[in-house]
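Note: the block below is structure.csv and it holds CSV, C-alpha atoms.
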chain,number,residue,atom,x,y,z
A,1,MET,CA,-1.8,-10.0,13.4
A,2,ILE,CA,-3.7,-12.8,11.7
A,3,LEU,CA,-6.6,-12.7,9.2
A,4,GLN,CA,-8.6,-15.7,10.3
A,5,ARG,CA,-11.4,-15.7,7.8
A,6,ILE,CA,-13.1,-13.7,5.1
A,7,ASN,CA,-16.6,-13.7,3.5
A,8,LEU,CA,-17.1,-11.9,0.2
A,9,ASN,CA,-20.2,-11.2,-1.8
A,10,ASN,CA,-20.2,-9.6,-5.2
A,11,PHE,CA,-16.6,-8.3,-4.9
A,12,LYS,CA,-15.3,-7.7,-8.5
A,13,ASN,CA,-15.6,-11.0,-10.2
A,14,ILE,CA,-16.1,-13.0,-7.0
A,15,PRO,CA,-19.8,-13.9,-6.5
A,16,ALA,CA,-19.4,-15.4,-3.1
A,17,ALA,CA,-16.4,-16.8,-1.1
A,18,ALA,CA,-16.0,-18.0,2.5
A,19,LEU,CA,-12.4,-18.8,3.3
A,20,GLN,CA,-10.6,-19.8,6.4
A,21,PHE,CA,-6.9,-19.0,6.4
A,22,SER,CA,-3.6,-20.5,7.7
A,23,PRO,CA,-1.8,-18.3,10.2
A,24,LYS,CA,1.3,-18.5,8.0
A,25,ILE,CA,1.2,-19.3,4.2
A,26,ASN,CA,-1.9,-19.1,2.0
A,27,CYS,CA,-1.5,-19.8,-1.8
A,28,PHE,CA,-3.8,-19.2,-4.7
A,29,LEU,CA,-3.2,-20.8,-8.0
A,30,GLY,CA,-4.9,-19.9,-11.3
A,31,ASP,CA,-4.6,-18.2,-14.7
A,32,ASN,CA,-4.7,-14.5,-15.1
A,33,GLY,CA,-8.1,-12.9,-14.7
A,34,MET,CA,-9.6,-15.6,-12.6
A,35,GLY,CA,-9.9,-13.7,-9.3
A,36,LYS,CA,-6.7,-14.3,-7.4
A,37,SER,CA,-5.7,-10.6,-7.3
A,38,ASN,CA,-9.3,-9.6,-6.6
A,39,LEU,CA,-9.1,-11.6,-3.4
A,40,LEU,CA,-6.0,-9.8,-2.3
A,41,ASP,CA,-7.6,-6.5,-3.3
A,42,ALA,CA,-10.5,-7.4,-1.0
A,43,ILE,CA,-8.0,-7.9,1.9
A,44,TYR,CA,-6.3,-4.7,1.0
A,45,PHE,CA,-9.7,-2.9,0.9
A,46,LEU,CA,-10.5,-4.0,4.5
A,47,SER,CA,-7.2,-2.4,5.7
A,48,PHE,CA,-7.3,0.8,3.7
A,49,CYS,CA,-11.0,1.4,2.8
A,50,LYS,CA,-10.1,1.6,-0.9
A,51,SER,CA,-8.9,-0.6,-3.7
A,52,PHE,CA,-5.2,-1.2,-4.3
A,53,THR,CA,-5.8,-0.4,-8.0
A,54,GLY,CA,-7.3,3.0,-7.2
A,55,MET,CA,-10.5,2.2,-9.1
A,56,PRO,CA,-13.7,3.9,-7.9
A,57,ASP,CA,-15.7,2.1,-5.2
A,58,THR,CA,-18.6,1.5,-7.5
A,59,MET,CA,-16.4,-0.6,-9.8
A,60,LEU,CA,-15.7,-3.0,-6.9
A,61,VAL,CA,-19.3,-4.1,-7.2
A,62,ARG,CA,-19.7,-7.2,-9.3
A,63,ARG,CA,-21.2,-6.5,-12.7
A,64,GLY,CA,-25.0,-6.7,-12.7
A,65,GLU,CA,-25.2,-6.5,-8.9
A,66,GLU,CA,-26.3,-3.6,-6.6
A,67,PHE,CA,-23.9,-4.1,-3.7
A,68,THR,CA,-20.7,-5.7,-2.4
A,69,MET,CA,-19.9,-6.8,1.1
A,70,ALA,CA,-16.7,-8.0,2.8
A,71,GLU,CA,-16.7,-9.4,6.3
A,72,ALA,CA,-13.5,-10.6,8.1
A,73,THR,CA,-12.3,-11.7,11.5
A,74,TYR,CA,-8.7,-10.8,12.6
A,75,LEU,CA,-6.7,-11.8,15.6
A,76,ARG,CA,-5.1,-8.5,16.7
A,77,ARG,CA,-3.0,-8.2,19.8
A,78,GLY,CA,-4.6,-11.4,21.1
A,79,THR,CA,-8.2,-10.1,20.6
A,80,GLU,CA,-10.6,-10.9,17.8
A,81,GLU,CA,-11.6,-8.0,15.6
A,82,ASP,CA,-14.7,-8.2,13.3
A,83,ILE,CA,-14.6,-5.8,10.3
A,84,THR,CA,-17.5,-5.3,7.9
A,85,ALA,CA,-17.3,-3.2,4.7
A,86,ALA,CA,-20.2,-2.6,2.3
A,87,ILE,CA,-20.7,-0.6,-0.9
A,88,ALA,CA,-24.2,-0.1,-2.3
A,89,LYS,CA,-24.9,1.8,-5.4
A,90,GLY,CA,-26.2,5.3,-4.6
A,91,LYS,CA,-25.3,5.0,-0.9
A,92,ARG,CA,-22.4,6.0,1.3
A,93,LYS,CA,-19.6,3.4,1.8
A,94,SER,CA,-19.9,1.7,5.2
A,95,PHE,CA,-17.1,0.4,7.4
A,96,LYS,CA,-17.8,-1.2,10.8
A,97,ARG,CA,-15.6,-2.4,13.6
A,98,ARG,CA,-17.2,-4.8,16.1
A,99,GLY,CA,-20.6,-3.8,14.6
A,100,LYS,CA,-20.0,0.0,15.2
A,101,GLU,CA,-19.8,2.2,12.1
A,102,TYR,CA,-16.9,4.5,11.6
A,103,GLN,CA,-17.8,8.2,11.4
A,104,ARG,CA,-14.4,9.0,9.8
A,105,LEU,CA,-12.8,6.3,7.6
A,106,SER,CA,-9.4,7.8,8.3
A,107,SER,CA,-9.8,6.5,11.9
A,108,HIS,CA,-9.5,2.9,10.5
A,109,ILE,CA,-6.2,3.4,8.8
A,110,GLY,CA,-3.4,1.7,10.7
A,111,LEU,CA,-5.7,-0.6,12.6
A,112,LEU,CA,-4.8,-3.6,10.3
A,113,PRO,CA,-1.3,-3.0,8.9
A,114,LEU,CA,-0.7,-4.5,5.6
A,115,VAL,CA,2.0,-4.5,2.8
A,116,MET,CA,1.1,-5.5,-0.7
A,117,VAL,CA,3.7,-6.4,-3.4
A,118,SER,CA,2.5,-6.5,-6.9
A,119,PRO,CA,3.5,-5.8,-10.5
A,120,ARG,CA,2.0,-2.3,-10.1
A,121,ASP,CA,5.0,-1.5,-7.9
A,122,MET,CA,6.9,-0.7,-11.0
A,123,GLU,CA,5.1,2.6,-11.0
A,124,LEU,CA,7.2,3.5,-8.0
A,125,ILE,CA,10.2,3.5,-10.4
A,126,ASN,CA,8.6,4.5,-13.7
A,127,GLY,CA,5.7,6.6,-12.5
A,128,ALA,CA,5.3,10.2,-11.4
A,129,GLY,CA,6.3,11.7,-8.1
A,130,GLU,CA,2.7,11.3,-6.9
A,131,ASP,CA,3.2,7.5,-6.9
A,132,ARG,CA,6.3,7.7,-4.7
A,133,ARG,CA,4.6,10.3,-2.3
A,134,ARG,CA,1.6,7.9,-2.0
A,135,PHE,CA,4.0,5.1,-1.1
A,136,ILE,CA,5.8,7.0,1.7
A,137,ASP,CA,2.6,8.5,3.0
A,138,MET,CA,1.1,5.0,3.3
A,139,VAL,CA,4.2,3.8,5.1
A,140,ILE,CA,4.1,6.5,7.7
A,141,ALA,CA,0.3,6.9,8.1
A,142,GLN,CA,-0.1,3.2,9.2
A,143,GLY,CA,2.1,3.8,12.2
A,144,ASP,CA,1.4,7.5,12.9
A,145,PRO,CA,-2.2,8.6,13.0
A,146,THR,CA,-1.2,12.2,13.5
A,147,TYR,CA,0.6,12.2,10.2
A,148,LEU,CA,-2.5,11.1,8.4
A,149,ASP,CA,-4.5,13.9,10.1
A,150,GLN,CA,-1.9,16.5,9.1
A,151,LEU,CA,-1.8,15.2,5.6
A,152,ILE,CA,-5.6,15.5,5.3
A,153,ARG,CA,-5.4,19.1,6.7
A,154,TYR,CA,-2.7,20.0,4.3
A,155,ASN,CA,-4.5,18.7,1.3
A,156,ARG,CA,-7.7,20.4,2.3
A,157,ALA,CA,-5.9,23.7,2.6
A,158,LEU,CA,-4.1,23.1,-0.7
A,159,GLN,CA,-7.3,22.6,-2.5
A,160,GLN,CA,-8.7,25.8,-1.0
A,161,ARG,CA,-5.6,27.8,-2.0
A,162,ASN,CA,-5.8,26.4,-5.6
A,163,THR,CA,-9.4,27.4,-5.8
A,164,MET,CA,-8.5,30.9,-4.6
A,165,LEU,CA,-5.7,31.2,-7.2
A,166,ARG,CA,-8.3,30.9,-9.9
A,167,GLU,CA,-10.4,33.7,-8.4
A,168,ALA,CA,-9.1,37.1,-9.2
A,169,THR,CA,-10.9,38.7,-6.2
A,170,ALA,CA,-9.5,36.4,-3.5
A,171,ASP,CA,-8.5,38.4,-0.4
A,172,THR,CA,-4.8,38.6,0.6
A,173,ASN,CA,-5.6,38.0,4.2
A,174,LEU,CA,-7.5,34.9,3.4
A,175,PHE,CA,-4.4,33.7,1.4
A,176,LEU,CA,-2.2,34.3,4.4
A,177,ALA,CA,-4.6,32.4,6.7
A,178,VAL,CA,-4.7,29.4,4.4
A,179,GLU,CA,-0.9,29.5,3.8
A,180,MET,CA,-0.3,29.5,7.5
A,181,SER,CA,-2.4,26.4,7.9
A,182,MET,CA,-0.5,24.7,5.0
A,183,ALA,CA,2.9,25.7,6.6
A,184,ALA,CA,1.9,24.2,10.0
A,185,SER,CA,0.8,20.9,8.5
A,186,GLY,CA,3.6,20.9,5.9
A,187,ALA,CA,6.3,21.2,8.6
A,188,TYR,CA,5.0,18.1,10.3
A,189,ILE,CA,4.8,16.2,7.0
A,190,HIS,CA,8.3,17.2,5.9
A,191,LYS,CA,9.8,16.2,9.3
A,192,ALA,CA,8.1,12.9,9.3
A,193,ARG,CA,9.1,12.0,5.7
A,194,SER,CA,12.7,13.0,6.3
A,195,ARG,CA,13.0,10.9,9.4
A,196,GLN,CA,11.2,7.9,8.1
A,197,ILE,CA,12.9,7.8,4.6
A,198,GLU,CA,16.3,7.9,6.4
A,199,GLN,CA,15.3,5.0,8.6
A,200,LEU,CA,13.7,3.1,5.7
A,201,THR,CA,16.8,3.4,3.5
A,202,GLY,CA,19.0,1.4,5.9
A,203,ILE,CA,16.5,-1.4,6.1
A,204,PHE,CA,15.9,-1.3,2.3
A,205,ASN,CA,19.7,-1.7,1.6
A,206,ARG,CA,19.8,-4.8,3.8
A,207,TYR,CA,16.9,-6.5,1.9
A,208,TYR,CA,18.2,-5.6,-1.5
A,209,THR,CA,21.6,-7.1,-0.6
A,210,ALA,CA,20.0,-10.2,0.8
A,211,ILE,CA,18.1,-10.8,-2.5
A,212,ALA,CA,20.8,-9.7,-4.9
A,213,PRO,CA,24.1,-10.1,-2.9
A,214,ASN,CA,26.4,-9.5,-5.9
A,215,GLU,CA,24.9,-6.3,-7.2
A,216,ASP,CA,25.7,-2.5,-6.9
A,217,SER,CA,24.4,-0.5,-4.0
A,218,VAL,CA,21.0,1.1,-3.9
A,219,SER,CA,19.7,4.4,-2.3
A,220,LEU,CA,16.7,6.5,-1.6
A,221,GLU,CA,16.9,10.3,-1.3
A,222,TYR,CA,14.2,12.6,-0.2
A,223,SER,CA,13.7,15.6,-2.5
A,224,SER,CA,11.9,18.6,-1.0
A,225,ALA,CA,12.0,22.4,-1.2
A,226,LEU,CA,12.0,22.3,2.6
A,227,ASN,CA,15.2,20.3,2.9
A,228,ASP,CA,17.2,23.5,3.4
A,229,GLY,CA,15.2,24.6,6.4
A,230,GLY,CA,13.1,27.2,4.6
A,231,ASP,CA,9.7,28.4,5.9
A,232,LEU,CA,6.8,27.2,3.8
A,233,ALA,CA,4.6,30.2,4.6
A,234,GLU,CA,7.3,32.5,3.2
A,235,MET,CA,7.7,30.4,0.1
A,236,LEU,CA,4.0,30.4,-0.6
A,237,ASP,CA,3.8,34.1,-0.1
A,238,ALA,CA,6.7,34.6,-2.6
A,239,SER,CA,5.2,32.3,-5.2
A,240,ARG,CA,1.6,33.6,-5.0
A,241,GLN,CA,1.8,35.9,-8.1
A,242,ARG,CA,3.3,33.1,-10.3
A,243,ASP,CA,0.8,30.6,-8.9
A,244,ARG,CA,-2.0,33.0,-9.8
A,245,ILE,CA,-0.9,32.8,-13.4
A,246,LEU,CA,-0.5,29.0,-13.3
A,247,HIS,CA,-3.7,28.5,-11.3
A,248,HIS,CA,-2.1,26.0,-9.0
A,249,THR,CA,0.4,25.9,-6.0
A,250,THR,CA,3.9,25.2,-7.2
A,251,VAL,CA,5.7,24.7,-3.8
A,252,GLY,CA,5.1,22.5,-0.8
A,253,PRO,CA,5.1,18.8,0.3
A,254,HIS,CA,2.7,17.9,-2.5
A,255,ARG,CA,5.6,18.5,-4.9
A,256,ASP,CA,8.1,16.3,-3.0
A,257,ASP,CA,9.7,13.2,-4.5
A,258,ILE,CA,12.0,10.3,-3.7
A,259,ALA,CA,15.0,9.8,-5.9
A,260,MET,CA,15.6,6.0,-6.4
A,261,SER,CA,19.1,5.1,-7.5
A,262,LEU,CA,21.1,2.0,-8.3
A,263,ALA,CA,24.9,2.4,-8.4
A,264,GLY,CA,24.4,6.2,-8.2
A,265,MET,CA,22.2,6.2,-11.3
A,266,PRO,CA,18.4,6.6,-11.6
A,267,VAL,CA,16.8,3.1,-11.4
A,268,ARG,CA,14.5,3.8,-14.3
A,269,ARG,CA,17.5,4.2,-16.6
A,270,ALA,CA,20.2,2.0,-15.0
A,271,ALA,CA,18.3,-1.2,-14.0
A,272,SER,CA,17.3,-4.2,-16.0
A,273,GLN,CA,13.8,-5.6,-15.6
A,274,GLY,CA,15.0,-8.1,-13.0
A,275,GLN,CA,16.9,-5.5,-11.1
A,276,ALA,CA,14.0,-3.1,-11.1
A,277,LYS,CA,11.7,-5.8,-9.8
A,278,THR,CA,14.2,-6.7,-7.1
A,279,TYR,CA,14.4,-3.0,-6.1
A,280,THR,CA,10.6,-2.7,-5.6
A,281,ILE,CA,10.3,-6.1,-3.7
A,282,ALA,CA,13.2,-5.1,-1.4
A,283,LEU,CA,11.5,-1.7,-0.8
A,284,ARG,CA,8.2,-3.4,0.1
A,285,MET,CA,10.0,-5.8,2.5
A,286,ALA,CA,11.7,-2.9,4.1
A,287,GLN,CA,8.3,-1.2,4.4
A,288,TYR,CA,7.1,-4.4,6.2
A,289,GLU,CA,9.9,-4.4,8.7
A,290,PHE,CA,9.5,-0.7,9.3
A,291,LEU,CA,5.7,-1.1,9.9
A,292,ALA,CA,6.3,-4.0,12.3
A,293,GLN,CA,8.6,-1.8,14.3
A,294,ALA,CA,6.3,1.2,14.3
A,295,THR,CA,3.1,-0.7,15.2
A,296,GLY,CA,4.4,-3.6,17.3
A,297,MET,CA,2.4,-6.0,15.1
A,298,LYS,CA,3.4,-8.1,12.1
A,299,PRO,CA,1.5,-6.8,9.1
A,300,LEU,CA,-0.2,-9.0,6.6
A,301,LEU,CA,2.1,-9.6,3.6
A,302,LEU,CA,0.4,-9.9,0.2
A,303,LEU,CA,2.5,-11.2,-2.7
A,304,ASP,CA,0.6,-10.8,-6.0
A,305,ASP,CA,2.2,-12.6,-9.0
A,306,ILE,CA,5.7,-11.3,-8.1
A,307,PHE,CA,7.9,-14.0,-9.5
A,308,ASP,CA,7.8,-13.1,-13.2
A,309,LYS,CA,11.1,-11.8,-14.6
A,310,LEU,CA,13.1,-13.1,-11.6
A,311,ASP,CA,15.6,-15.9,-11.8
A,312,ALA,CA,15.3,-18.9,-9.6
A,313,SER,CA,18.0,-17.8,-7.2
A,314,ARG,CA,16.2,-14.5,-6.5
A,315,VAL,CA,12.9,-16.2,-6.1
A,316,SER,CA,14.5,-18.6,-3.6
A,317,ARG,CA,16.0,-15.8,-1.6
A,318,ILE,CA,12.8,-13.8,-1.5
A,319,MET,CA,10.9,-16.8,-0.2
A,320,GLN,CA,13.6,-17.6,2.4
A,321,LEU,CA,13.2,-14.1,3.7
A,322,ALA,CA,9.4,-14.1,3.6
A,323,SER,CA,9.2,-17.4,5.5
A,324,SER,CA,11.6,-16.2,8.2
A,325,PRO,CA,10.4,-15.3,11.7
A,326,THR,CA,10.5,-11.6,10.7
A,327,PHE,CA,7.4,-12.0,8.6
A,328,GLY,CA,3.9,-13.2,9.8
A,329,GLN,CA,0.9,-14.3,7.7
A,330,ILE,CA,1.5,-14.3,3.9
A,331,PHE,CA,-0.9,-14.5,1.0
A,332,ILE,CA,0.7,-15.5,-2.4
A,333,THR,CA,-0.8,-15.7,-5.9
A,334,ASP,CA,0.8,-17.2,-8.9
A,335,THR,CA,0.0,-18.8,-12.3
A,336,ASN,CA,3.0,-21.1,-11.9
A,337,ARG,CA,2.4,-24.2,-9.9
A,338,ARG,CA,6.1,-25.0,-9.5
A,339,HIS,CA,6.7,-21.8,-7.6
A,340,LEU,CA,4.0,-22.7,-5.1
A,341,ASP,CA,5.2,-26.3,-4.9
A,342,ALA,CA,8.7,-25.0,-3.9
A,343,ILE,CA,7.2,-22.7,-1.3
A,344,ILE,CA,5.0,-25.3,0.3
A,345,ALA,CA,7.9,-27.9,0.3
A,346,ASP,CA,9.8,-25.6,2.6
A,347,THR,CA,6.9,-24.9,4.9
A,348,ALA,CA,6.2,-26.6,8.2
A,349,PRO,CA,3.3,-29.1,8.0
A,350,GLY,CA,0.0,-27.5,8.8
A,351,ASP,CA,1.3,-24.0,8.2
A,352,TYR,CA,-0.2,-23.5,4.8
A,353,ARG,CA,-3.5,-23.7,2.8
A,354,LEU,CA,-4.0,-23.9,-0.9
A,355,TRP,CA,-6.7,-22.9,-3.3
A,356,SER,CA,-7.3,-23.2,-7.0
A,357,VAL,CA,-9.1,-20.1,-8.4
A,358,HIS,CA,-11.3,-20.2,-11.5
A,359,THR,CA,-13.7,-17.5,-12.6
A,360,GLY,CA,-14.1,-16.1,-9.1
A,361,GLN,CA,-14.6,-19.6,-7.5
A,362,PHE,CA,-12.1,-20.9,-4.9
A,363,SER,CA,-11.5,-24.7,-4.5
A,364,ALA,CA,-9.3,-26.0,-1.7
A,365,LEU,CA,-6.4,-28.2,-2.7
A,366,THR,CA,-4.8,-30.9,-0.7
A,367,PRO,CA,-1.0,-31.5,-0.7
A,368,CYS,CA,-1.3,-34.6,-2.8
A,369,GLN,CA,-2.8,-32.5,-5.6
A,370,PHE,CA,0.6,-30.7,-5.8
A,371,ASP,CA,2.5,-33.9,-6.2
A,372,LEU,CA,4.7,-33.1,-3.1
Take the structure from the file and write it as structure tokens.
Amino acid sequence: MILQRINLNNFKNIPAAALQFSPKINCFLGDNGMGKSNLLDAIYFLSFCKSFTGMPDTMLVRRGEEFTMAEATYLRRGTEEDITAAIAKGKRKSFKRRGKEYQRLSSHIGLLPLVMVSPRDMELINGAGEDRRRFIDMVIAQGDPTYLDQLIRYNRALQQRNTMLREATADTNLFLAVEMSMAASGAYIHKARSRQIEQLTGIFNRYYTAIAPNEDSVSLEYSSALNDGGDLAEMLDASRQRDRILHHTTVGPHRDDIAMSLAGMPVRRAASQGQAKTYTIALRMAQYEFLAQATGMKPLLLLDDIFDKLDASRVSRIMQLASSPTFGQIFITDTNRRHLDAIIADTAPGDYRLWSVHTGQFSALTPCQFDL
């Protein structure tokens, strides 16, 4: 899959931009806060209907403006796809494919597979279980629309049960009905997570070894109350009185986690900054290969300021991997011109485009401006 062009209006700090992309390497150079990451977030937004940062939609509108709009053309399975997204203050967010508006935004997820690597990925290691669940849910949902549907059903029923737990008069039969719904969706979610984490682990190990060949082994382990084959409906029934006291549901897939280890120790305790960053980059590259296999398309790969705290040998190995035939179109941001020089020097002529970014403005650069 290829993102051919994008037009932006009032997206974050970008007043207007109309960019045509290379089918392989696209590089953006500029200081922090200039708008490089905002461009990548716009591309992410067009795939997932939300910001990578998790900020509310209204904050994506440029300060002082009433709306933001993003239009893009993709080449997907040999066919051009036009996608339009718009946010206007006080109105419903709009997403259109080929001019036809989606009735359910969840129907769009998975159409344009994408993997983003950014400094925020450290939250996968240092953050709460919610961050790791969000990661694996996004991995699976892009290749399995049924999974996303079951996840939405489960979360809706979970919210209903939590509301009932705070109401002393809630009927037992209603609890049983909601818990049966949670159990049905939860079983699908658990099975999919178990299977996909096992598959992802093997790919992840291979990428980590390729980037850091002389380091200890890494692992991912799925932690869930359902791992022993228990029935979620029975668990919910047994925990209901305790949950009434706590006013929230204490058992189910929404409590799952992924244990991330290096040399048998938790990464957050055992890894240096460089090792932790290598861990998350290898994990995202594994996600990329997994999605390519699941969807039959090469996802977009967004690399946002990822080279900080990595030695030159790791940077070189990462770029060798990213420029291999396994990966398709790549978007790279950096404040360091030397990194982009090195990337471009190893790229076939005509397979790259370069921009300088300053206060939301994008200026095309020619190779001679990089002293190649």
Requested in this report: Report the distance between CA of Asp82 in chain A and CA of Phe21 in chain A in Å, rounded to one decimal place.
Outcome: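 Those two atoms sit 15.0 Å apart.
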Residue list as a compact mmCIF listing (two decimals) with C-alpha atoms, in the coordinates of the input for point (-11.0, -15.0, -12.0), cut-off 9 Å, all atoms listed in the file:
# COMPACT_ATOMS: atom_id res chain seq x y z
CA ASN A 13 -15.60 -11.00 -10.20
CA ILE A 14 -16.10 -13.00 -7.00
CA GLY A 30 -4.90 -19.90 -11.30
CA ASP A 31 -4.60 -18.20 -14.70
CA ASN A 32 -4.70 -14.50 -15.10
CA GLY A 33 -8.10 -12.90 -14.70
CA MET A 34 -9.60 -15.60 -12.60
CA GLY A 35 -9.90 -13.70 -9.30
CA LYS A 36 -6.70 -14.30 -7.40
CA SER A 37 -5.70 -10.60 -7.30
CA ASN A 38 -9.30 -9.60 -6.60
CA VAL A 357 -9.10 -20.10 -8.40
CA HIS A 358 -11.30 -20.20 -11.50
CA THR A 359 -13.70 -17.50 -12.60
CA GLY A 360 -14.10 -16.10 -9.10
CA GLN A 361 -14.60 -19.60 -7.50
Distance query Ala183 in chain A at most 10 Å, only C-alpha atoms, self and fewer than 6 positions along chain excluded, as a PDB file with C-alpha atoms, in the frame of the given file:
ATOM      1  CA  TYR A 154      -2.700  20.000   4.300  1.00  0.00           C
ATOM      2  CA  ALA A 157      -5.900  23.700   2.600  1.00  0.00           C
ATOM      3  CA  ILE A 189       4.800  16.200   7.000  1.00  0.00           C
ATOM      4  CA  ASP A 231       9.700  28.400   5.900  1.00  0.00           C
ATOM      5  CA  LEU A 232       6.800  27.200   3.800  1.00  0.00           C
ATOM      6  CA  ALA A 233       4.600  30.200   4.600  1.00  0.00           C
ATOM      7  CA  GLU A 234       7.300  32.500   3.200  1.00  0.00           C
ATOM      8  CA  MET A 235       7.700  30.400   0.100  1.00  0.00           C
ATOM      9  CA  LEU A 236       4.000  30.400  -0.600  1.00  0.00           C
ATOM     10  CA  GLY A 252       5.100  22.500  -0.800  1.00  0.00           C
ATOM     11  CA  PRO A 253       5.100  18.800   0.300  1.00  0.00           C
TER      12      PRO A 253
END
Query raised in the report: Could you pull the residues within 12 Å of Arg193 in chain A, counting only C-alpha atoms, minus those fewer than 3 positions along the same chain, as a ChimeraX atom specification?
Result: /A:132-141,144,147-148,151,186-190,196-201,220-224,226-227,253-254,256-258
Query - Residue neighbourhood Glu65 in chain A, 7 Å, only C-alpha atoms, exclusion window fewer than 3 positions, as a ChimeraX atom specification - result: /A:10,61-62
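When only C-alpha atoms are used to compute distances to Asn162 in chain A, the closest of the residues A:Thr333, A:Ser356, A:Asn9, A:Thr250 turns out to be A:Thr250.
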Report task. For range 116-128 of chain A, list every protein, DNA or RNA residue within 8 Å, evaluated using only C-alpha atoms, and leave out those in the same chain fewer than 4 positions away; present the list as a PyMOL selection string. Result -> chain A and resi 44+132+135+260+267-268+276-277+280-281+284+301-306
Select from range 115-214 of chain A every residue with an atom at most 7 Å from any atom of range 285-294 of chain A, then for each give the shortest pair of atoms and their distance in Å to one decimal, using only C-alpha atoms, rows by chain and rising number, as CSV.
residue,atom,partner,partner_atom,distance
A:Val115,CA,A:Tyr288,CA,6.1
A:Val139,CA,A:Gln287,CA,6.5
A:Gly143,CA,A:Ala294,CA,5.4
A:Leu200,CA,A:Ala286,CA,6.5
A:Ile203,CA,A:Ala286,CA,5.4
A:Phe204,CA,A:Ala286,CA,4.8
A:Tyr207,CA,A:Ala286,CA,6.7
Query raised in the report: Which value, in Å to one decimal, gives the distance between CA of Asp41 in chain A and CA of Leu310 in chain A?
Result: 23.3 Å
Requested in this report: Determine, counting only C-alpha atoms, which protein, DNA and RNA residues have an atom within 9 Å of an atom of Thr58 in chain A; residues of the same chain fewer than 4 positions away are not included. Present the result as a list of chain:residue names.
Outcome: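 Neighbouring residues, sequence-local ones excluded: A:Arg62, A:Phe67, A:Ile87, A:Ala88, A:Lys89, A:Gly90.
Here CA of Asp216 in chain A and CA of Ala282 in chain A stand 13.9 Å from one another.
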Requested in this report: Counting all atoms listed in the file, find the residues whose atoms lie at most 12 Å from (-10.6, 5.0, 13.2) (file coordinates) and write them out as a ChimeraX atom specification.
Outcome: /A:47-49,83,95-97,100-112,142,145-146,148-149
**Report entry** Minimum-distance residue to Ala18 in chain A, chosen among A:Thr73, A:Gln150, A:Ser194, A:Thr163 (using all atoms listed in the file)
**Finding:**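 Among the listed residues, the smallest separation from Ala18 in chain A belongs to A:Thr73.
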Please output range 253-264 of chain A, rebuilt to include N, CA and C atoms, as a PDB file, keeping the file's coordinate frame.
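To be explicit, this is the file written out as rebuild32.pdb:
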ATOM      1  N   PRO A 253       4.928  20.287   0.221  1.00  0.00           N
ATOM      2  CA  PRO A 253       5.100  18.800   0.300  1.00  0.00           C
ATOM      3  C   PRO A 253       4.418  18.042  -0.802  1.00  0.00           C
ATOM      4  N   HIS A 254       3.373  18.628  -1.406  1.00  0.00           N
ATOM      5  CA  HIS A 254       2.700  17.900  -2.500  1.00  0.00           C
ATOM      6  C   HIS A 254       3.523  17.883  -3.756  1.00  0.00           C
ATOM      7  N   ARG A 255       4.697  18.534  -3.739  1.00  0.00           N
ATOM      8  CA  ARG A 255       5.600  18.500  -4.900  1.00  0.00           C
ATOM      9  C   ARG A 255       6.867  17.657  -4.569  1.00  0.00           C
ATOM     10  N   ASP A 256       6.934  17.084  -3.387  1.00  0.00           N
ATOM     11  CA  ASP A 256       8.100  16.300  -3.000  1.00  0.00           C
ATOM     12  C   ASP A 256       8.241  15.040  -3.839  1.00  0.00           C
ATOM     13  N   ASP A 257       9.435  14.444  -3.768  1.00  0.00           N
ATOM     14  CA  ASP A 257       9.700  13.200  -4.500  1.00  0.00           C
ATOM     15  C   ASP A 257      10.747  12.405  -3.788  1.00  0.00           C
ATOM     16  N   ILE A 258      10.923  11.169  -4.221  1.00  0.00           N
ATOM     17  CA  ILE A 258      12.000  10.300  -3.700  1.00  0.00           C
ATOM     18  C   ILE A 258      12.829   9.858  -4.878  1.00  0.00           C
ATOM     19  N   ALA A 259      14.108  10.217  -4.850  1.00  0.00           N
ATOM     20  CA  ALA A 259      15.000   9.800  -5.900  1.00  0.00           C
ATOM     21  C   ALA A 259      15.487   8.369  -5.600  1.00  0.00           C
ATOM     22  N   MET A 260      15.247   7.451  -6.547  1.00  0.00           N
ATOM     23  CA  MET A 260      15.600   6.000  -6.400  1.00  0.00           C
ATOM     24  C   MET A 260      16.768   5.714  -7.290  1.00  0.00           C
ATOM     25  N   SER A 261      17.870   5.229  -6.691  1.00  0.00           N
ATOM     26  CA  SER A 261      19.100   5.100  -7.500  1.00  0.00           C
ATOM     27  C   SER A 261      19.674   3.655  -7.303  1.00  0.00           C
ATOM     28  N   LEU A 262      20.368   3.221  -8.339  1.00  0.00           N
ATOM     29  CA  LEU A 262      21.100   2.000  -8.300  1.00  0.00           C
ATOM     30  C   LEU A 262      22.520   2.317  -8.870  1.00  0.00           C
ATOM     31  N   ALA A 263      23.533   2.049  -8.049  1.00  0.00           N
ATOM     32  CA  ALA A 263      24.900   2.400  -8.400  1.00  0.00           C
ATOM     33  C   ALA A 263      25.059   3.863  -8.749  1.00  0.00           C
ATOM     34  N   GLY A 264      24.322   4.720  -8.040  1.00  0.00           N
ATOM     35  CA  GLY A 264      24.400   6.200  -8.200  1.00  0.00           C
ATOM     36  C   GLY A 264      23.658   6.673  -9.449  1.00  0.00           C
TER      37      GLY A 264
END
